[in-house]
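Have a look at input.pdb; it's PDB, C-alpha atoms:
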ATOM      1  CA  MET A1011       0.000   0.000   0.000
ATOM      2  CA  ALA A1012       1.368   3.405  -0.977
ATOM      3  CA  GLU A1013       1.977   5.997   1.702
ATOM      4  CA  THR A1014      -0.595   8.794   1.868
ATOM      5  CA  MET A1015       0.817  11.986   0.384
ATOM      6  CA  VAL A1016       0.311  15.546   1.624
ATOM      7  CA  LYS A1017       0.646  18.635  -0.550
ATOM      8  CA  LEU A1018       2.279  21.711   0.969
ATOM      9  CA  ARG A1019       2.410  25.175  -0.572
ATOM     10  CA  SER A1020       5.157  27.617   0.389
ATOM     11  CA  SER A1021       4.772  31.383   0.687
ATOM     12  CA  ASP A1022       6.181  31.790  -2.836
ATOM     13  CA  ASP A1023       3.570  29.361  -4.250
ATOM     14  CA  ARG A1024       5.889  26.387  -4.692
ATOM     15  CA  ASP A1025       4.124  23.075  -4.150
ATOM     16  CA  PHE A1026       5.727  20.100  -2.430
ATOM     17  CA  GLU A1027       4.286  16.616  -2.093
ATOM     18  CA  VAL A1028       5.516  14.665   0.919
ATOM     19  CA  GLU A1029       4.544  11.508   2.727
ATOM     20  CA  ALA A1030       2.075  12.046   5.555
ATOM     21  CA  LYS A1031       4.653  10.611   7.964
ATOM     22  CA  ILE A1032       7.040  13.435   7.015
ATOM     23  CA  ALA A1033       4.340  16.139   7.125
ATOM     24  CA  ASN A1034       3.216  14.932  10.570
ATOM     25  CA  MET A1035       6.677  15.617  11.999
ATOM     26  CA  SER A1036       5.412  19.208  12.061
ATOM     27  CA  LEU A1037       2.918  19.458  14.902
ATOM     28  CA  THR A1038       1.417  22.511  13.176
ATOM     29  CA  ILE A1039       0.685  20.545   9.992
ATOM     30  CA  LYS A1040      -0.384  17.468  11.956
ATOM     31  CA  ASN A1041      -2.925  19.535  13.914
ATOM     32  CA  MET A1042      -4.152  21.232  10.738
ATOM     33  CA  LEU A1043      -4.703  17.850   9.080
ATOM     34  CA  GLU A1044      -6.557  16.477  12.101
ATOM     35  CA  ASP A1045      -8.640  19.603  12.700
ATOM     36  CA  LEU A1046      -9.631  19.989   9.048
ATOM     37  CA  GLY A1047     -10.387  16.329   8.410
ATOM     38  CA  TRP A1048      -7.980  16.449   5.484
ATOM     39  CA  GLU A1049      -8.228  13.986   2.590
ATOM     40  CA  SER A1050      -5.346  13.092   0.259
ATOM     41  CA  ASP A1051      -6.999  14.697  -2.776
ATOM     42  CA  ASP A1052      -7.442  18.062  -1.047
ATOM     43  CA  SER A1053      -5.661  21.183  -2.194
ATOM     44  CA  PRO A1054      -2.210  22.029  -0.806
ATOM     45  CA  ILE A1055      -1.819  23.176   2.778
ATOM     46  CA  PRO A1056      -0.651  26.810   2.665
ATOM     47  CA  LEU A1057       2.422  27.675   4.709
ATOM     48  CA  PRO A1058       2.500  31.480   4.429
ATOM     49  CA  ASN A1059       5.478  31.882   6.764
ATOM     50  CA  VAL A1060       7.831  29.493   4.937
ATOM     51  CA  SER A1061       9.487  30.115   1.556
ATOM     52  CA  GLY A1062      10.051  27.315  -0.930
ATOM     53  CA  THR A1063      13.821  27.320  -0.414
ATOM     54  CA  ILE A1064      13.441  26.959   3.345
ATOM     55  CA  LEU A1065      10.612  24.422   3.070
ATOM     56  CA  GLU A1066      12.855  22.326   0.838
ATOM     57  CA  LYS A1067      15.521  22.297   3.581
ATOM     58  CA  VAL A1068      12.918  21.482   6.242
ATOM     59  CA  ILE A1069      11.657  18.554   4.151
ATOM     60  CA  ASP A1070      15.227  17.295   3.629
ATOM     61  CA  TYR A1071      15.794  17.452   7.385
ATOM     62  CA  CYS A1072      12.519  15.631   8.117
ATOM     63  CA  ASN A1073      13.263  12.941   5.513
ATOM     64  CA  GLN A1074      16.593  12.315   7.222
ATOM     65  CA  HIS A1075      14.981  12.125  10.680
ATOM     66  CA  GLN A1076      11.698  10.379   9.874
ATOM     67  CA  ASP A1077      12.598   7.281  11.899
ATOM     68  CA  ASP A1078      13.832   9.201  14.973
ATOM     69  CA  GLU A1079      11.892   9.143  18.202
ATOM     70  CA  PRO A1080       9.900  12.368  18.605
ATOM     71  CA  VAL A1081      11.632  14.921  20.811
ATOM     72  CA  GLN A1082       9.639  15.374  23.997
ATOM     73  CA  ASP A1083       9.071  18.778  25.522
ATOM     74  CA  ASP A1084      10.986  19.057  28.733
ATOM     75  CA  ASP A1085      11.126  21.518  31.562
ATOM     76  CA  GLY A1086      14.475  22.879  30.402
ATOM     77  CA  SER A1087      16.325  21.563  33.440
ATOM     78  CA  LYS A1088      18.619  19.388  31.302
ATOM     79  CA  VAL A1089      20.576  21.280  28.676
ATOM     80  CA  ASP A1090      22.074  19.274  25.817
ATOM     81  CA  THR A1091      25.497  20.778  25.137
ATOM     82  CA  GLU A1092      26.704  18.075  22.756
ATOM     83  CA  ASP A1093      27.752  19.291  19.326
ATOM     84  CA  PRO A1094      25.734  17.811  16.463
ATOM     85  CA  THR A1095      27.257  14.910  14.560
ATOM     86  CA  GLY A1096      26.741  13.221  11.205
ATOM     87  CA  TYR A1097      23.945  14.605   9.063
ATOM     88  CA  ASP A1098      22.986  17.294  11.600
ATOM     89  CA  ALA A1099      26.535  18.684  11.743
ATOM     90  CA  GLU A1100      26.664  18.774   7.949
ATOM     91  CA  PHE A1101      23.173  20.323   7.762
ATOM     92  CA  VAL A1102      24.189  23.419   9.771
ATOM     93  CA  ARG A1103      27.913  23.584   8.952
ATOM     94  CA  ASP A1104      27.977  25.786   5.848
ATOM     95  CA  ILE A1105      24.604  27.453   6.181
ATOM     96  CA  ASP A1106      24.537  31.243   5.871
ATOM     97  CA  GLN A1107      23.016  33.359   8.656
ATOM     98  CA  GLY A1108      19.957  34.400   6.667
ATOM     99  CA  THR A1109      19.045  30.810   5.873
ATOM    100  CA  LEU A1110      19.774  29.766   9.462
ATOM    101  CA  PHE A1111      17.418  32.365  10.908
ATOM    102  CA  HIS A1112      14.688  31.553   8.372
ATOM    103  CA  LEU A1113      15.082  27.879   9.334
ATOM    104  CA  ILE A1114      14.661  28.823  13.008
ATOM    105  CA  LEU A1115      11.493  30.761  12.172
ATOM    106  CA  ALA A1116      10.171  27.878  10.037
ATOM    107  CA  ALA A1117      10.981  25.252  12.696
ATOM    108  CA  ASN A1118       9.196  27.378  15.275
ATOM    109  CA  PHE A1119       6.155  28.054  13.046
ATOM    110  CA  LEU A1120       5.931  24.405  11.958
ATOM    111  CA  ASP A1121       6.604  23.205  15.510
ATOM    112  CA  ILE A1122       9.423  20.790  14.671
ATOM    113  CA  LYS A1123      11.238  20.705  18.016
ATOM    114  CA  SER A1124      14.292  18.722  16.902
ATOM    115  CA  LEU A1125      14.999  21.156  14.040
ATOM    116  CA  LEU A1126      14.419  24.158  16.290
ATOM    117  CA  ASP A1127      16.805  22.693  18.862
ATOM    118  CA  LEU A1128      19.464  21.993  16.230
ATOM    119  CA  THR A1129      19.337  25.456  14.661
ATOM    120  CA  CYS A1130      19.217  27.319  17.984
ATOM    121  CA  LYS A1131      22.078  25.212  19.301
ATOM    122  CA  HIS A1132      24.069  26.215  16.214
ATOM    123  CA  VAL A1133      23.445  29.903  16.953
ATOM    124  CA  ALA A1134      24.534  29.299  20.559
ATOM    125  CA  SER A1135      27.749  27.682  19.331
ATOM    126  CA  MET A1136      28.387  30.728  17.129
ATOM    127  CA  ILE A1137      28.365  33.063  20.148
ATOM    128  CA  ARG A1138      29.896  30.762  22.756
ATOM    129  CA  ASN A1139      32.930  32.392  24.444
ATOM    130  CA  LYS A1140      32.538  35.604  22.430
ATOM    131  CA  THR A1141      32.624  39.141  23.757
ATOM    132  CA  PRO A1142      29.608  41.404  23.234
ATOM    133  CA  GLN A1143      31.545  43.251  20.514
ATOM    134  CA  GLU A1144      32.427  39.983  18.722
ATOM    135  CA  ILE A1145      28.751  38.977  18.829
ATOM    136  CA  ARG A1146      27.760  42.363  17.385
ATOM    137  CA  ASP A1147      30.319  41.841  14.605
ATOM    138  CA  ILE A1148      29.108  38.300  13.827
ATOM    139  CA  PHE A1149      25.455  39.355  13.531
ATOM    140  CA  ASN A1150      26.101  42.872  12.217
ATOM    141  CA  ILE A1151      24.399  44.496  15.213
ATOM    142  CA  LYS A1152      24.880  48.223  15.718
ATOM    143  CA  ASN A1153      25.812  49.199  19.277
ATOM    144  CA  ASP A1154      23.340  51.906  20.219
ATOM    145  CA  PHE A1155      24.457  52.203  23.853
ATOM    146  CA  THR A1156      26.416  55.209  24.994
ATOM    147  CA  PRO A1157      29.571  54.308  26.972
ATOM    148  CA  GLN A1158      27.728  55.355  30.153
ATOM    149  CA  GLU A1159      24.733  53.117  29.374
ATOM    150  CA  GLU A1160      27.026  50.212  28.563
ATOM    151  CA  GLU A1161      28.851  50.643  31.883
ATOM    152  CA  GLN A1162      25.515  50.764  33.738
ATOM    153  CA  VAL A1163      24.397  47.485  32.106
ATOM    154  CA  ARG A1164      27.719  45.865  33.024
ATOM    155  CA  LYS A1165      27.323  46.921  36.679
ATOM    156  CA  GLU A1166      23.745  45.619  36.809
ATOM    157  CA  ASN A1167      24.832  42.275  35.352
ATOM    158  CA  GLU A1168      28.165  41.723  37.090
ATOM    159  CA  TRP A1169      26.867  38.384  38.355
ATOM    160  CA  ALA A1170      26.856  37.072  34.780
ATOM    161  CA  GLU A1171      30.506  37.920  34.058
ATOM    162  CA  ASP A1172      33.179  35.233  33.959
ATOM    163  CA  ARG A1173      35.279  35.436  37.075
ATOM    164  CA  ALA A1174      37.914  32.947  35.950
TER     165      ALA A1174
END
Can you give me the file's structure in the form of structure tokens?
Amino acid sequence: MAETMVKLRSSDDRDFEVEAKIANMSLTIKNMLEDLGWESDDSPIPLPNVSGTILEKVIDYCNQHQDDEPVQDDDGSKVDTEDPTGYDAEFVRDIDQGTLFHLILAANFLDIKSLLDLTCKHVASMIRNKTPQEIRDIFNIKNDFTPQEEEQVRKENEWAEDRA
């Protein structure tokens, strides 16, 4: 028996046909399908917040992880600090910042926790052990604090400074 297929339409009107198993990795799509009583011959599900280029990457990621156990929501008490390996490491290695941030937005909108975790962890690794100025340089952020305001923020947040 052939797998049921789901049609998705990106914000730039590109259509993608994926197996229901892949589409259901997105809790947003899964809930839409259940709530709407979707049938396989229905029109594409519109994803107005996700471009075709990004949706293509999301689908690639989901295809690669379709047999993984679903990531459970946790209370945040256990932080996974392991660097990604294998496919995941390759997936985020050479990705440009614009694509990375659009992937984060798509993973959040589509509610794909494992992809959101991977992309956010990659951003965290980009800023790990960096000074505020280095972080501004990496993300092209303009410093709009006066020296006095910056000093005030430092005093208020002394507890967060490295004391090593």
3 Å per side around segment 1027-1042 of chain A: axis-aligned box centre and edge lengths, as AutoDock Vina command-line options:
--center_x 1.4 --center_y 16.6 --center_z 6.4 --size_x 17.2 --size_y 17.9 --size_z 23.0
With all atoms listed in the file as the basis for distance, which of A:Arg1103, A:Pro1142, A:Glu1044, A:Leu1110 is at the shortest distance from Val1163 of chain A?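 Ranking A:Arg1103, A:Pro1142, A:Glu1044, A:Leu1110 by distance to Val1163 of chain A, first place goes to A:Pro1142.
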Check the smallest atom-to-atom distance from each of A:Val1133, A:Asp1077, A:Lys1123, A:Leu1128 to Glu1100 of chain A using all atoms listed in the file, then report the winner. A:Leu1128
Quick one, how far is atom CA of Phe1026 of chain A from atom CA of Cys1130 of chain A?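 Between atom CA of Phe1026 of chain A and atom CA of Cys1130 of chain A the gap works out to 25.5 Å.
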Find the residues around segment 1018-1023 of chain A up to 6 Å (all atoms listed in the file counted), leave out those fewer than 4 positions away in its own chain, and share them as a PyMOL selection string. chain A and resi 1054-1058+1060-1062
Written file, previous selection with C-alpha atoms, as a PDB file, keeping the file's coordinate frame:
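Once written, result_4.pdb looks like this:
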ATOM      1  CA  PRO A1054      -2.210  22.029  -0.806  1.00  0.00           C
ATOM      2  CA  ILE A1055      -1.819  23.176   2.778  1.00  0.00           C
ATOM      3  CA  PRO A1056      -0.651  26.810   2.665  1.00  0.00           C
ATOM      4  CA  LEU A1057       2.422  27.675   4.709  1.00  0.00           C
ATOM      5  CA  PRO A1058       2.500  31.480   4.429  1.00  0.00           C
ATOM      6  CA  VAL A1060       7.831  29.493   4.937  1.00  0.00           C
ATOM      7  CA  SER A1061       9.487  30.115   1.556  1.00  0.00           C
ATOM      8  CA  GLY A1062      10.051  27.315  -0.930  1.00  0.00           C
TER       9      GLY A1062
END
9 Å contact set for Leu1126 of chain A, all atoms listed in the file, chain neighbours under 2 positions out, as a list of chain:residue names: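 Near Leu1126 of chain A, the qualifying residues are A:Leu1113, A:Ile1114, A:Leu1115, A:Ala1116, A:Ala1117, A:Asn1118, A:Asp1121, A:Ile1122, A:Lys1123, A:Ser1124, A:Leu1128, A:Thr1129, A:Cys1130, A:Lys1131.
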Write out the residues from the selection above, keeping C-alpha atoms, as a short mmCIF file (atom, residue, chain, number, x, y, z; two decimals), in the coordinates of the input.
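Output contents, as saved in again05.cif:
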data_model
loop_
_atom_site.label_atom_id
_atom_site.label_comp_id
_atom_site.auth_asym_id
_atom_site.auth_seq_id
_atom_site.Cartn_x
_atom_site.Cartn_y
_atom_site.Cartn_z
CA LEU A 1113 15.08 27.88 9.33
CA ILE A 1114 14.66 28.82 13.01
CA LEU A 1115 11.49 30.76 12.17
CA ALA A 1116 10.17 27.88 10.04
CA ALA A 1117 10.98 25.25 12.70
CA ASN A 1118 9.20 27.38 15.28
CA ASP A 1121 6.60 23.20 15.51
CA ILE A 1122 9.42 20.79 14.67
CA LYS A 1123 11.24 20.70 18.02
CA SER A 1124 14.29 18.72 16.90
CA LEU A 1128 19.46 21.99 16.23
CA THR A 1129 19.34 25.46 14.66
CA CYS A 1130 19.22 27.32 17.98
CA LYS A 1131 22.08 25.21 19.30
#
A:Ile1105, A:Arg1146, A:Leu1120, A:Ser1053: which is nearest Ile1039 of chain A, counting only C-alpha atoms? A:Leu1120
Separation of atom CA of Tyr1097 of chain A and atom CA of Leu1043 of chain A, in Å?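 Separation of atom CA of Tyr1097 of chain A and atom CA of Leu1043 of chain A: 28.8 Å.
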With only C-alpha atoms as the basis for distance, which of A:Gly1096, A:Leu1125, A:Thr1014, A:Met1035 is at the shortest distance from Phe1111 of chain A?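 Going through A:Gly1096, A:Leu1125, A:Thr1014, A:Met1035 one by one, the smallest distance to Phe1111 of chain A is for A:Leu1125.
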Proximity to Ala1134 of chain A - best of A:Asn1041, A:Glu1160, A:Glu1171, A:Glu1092, all atoms listed in the file: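 Smallest distance to Ala1134 of chain A is found for A:Glu1092.
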How far is it from atom CA of Leu1065 of chain A to atom CA of Asn1150 of chain A, in Å with one decimal?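 If I compute the distance from atom CA of Leu1065 of chain A to atom CA of Asn1150 of chain A, I get 25.8 Å.
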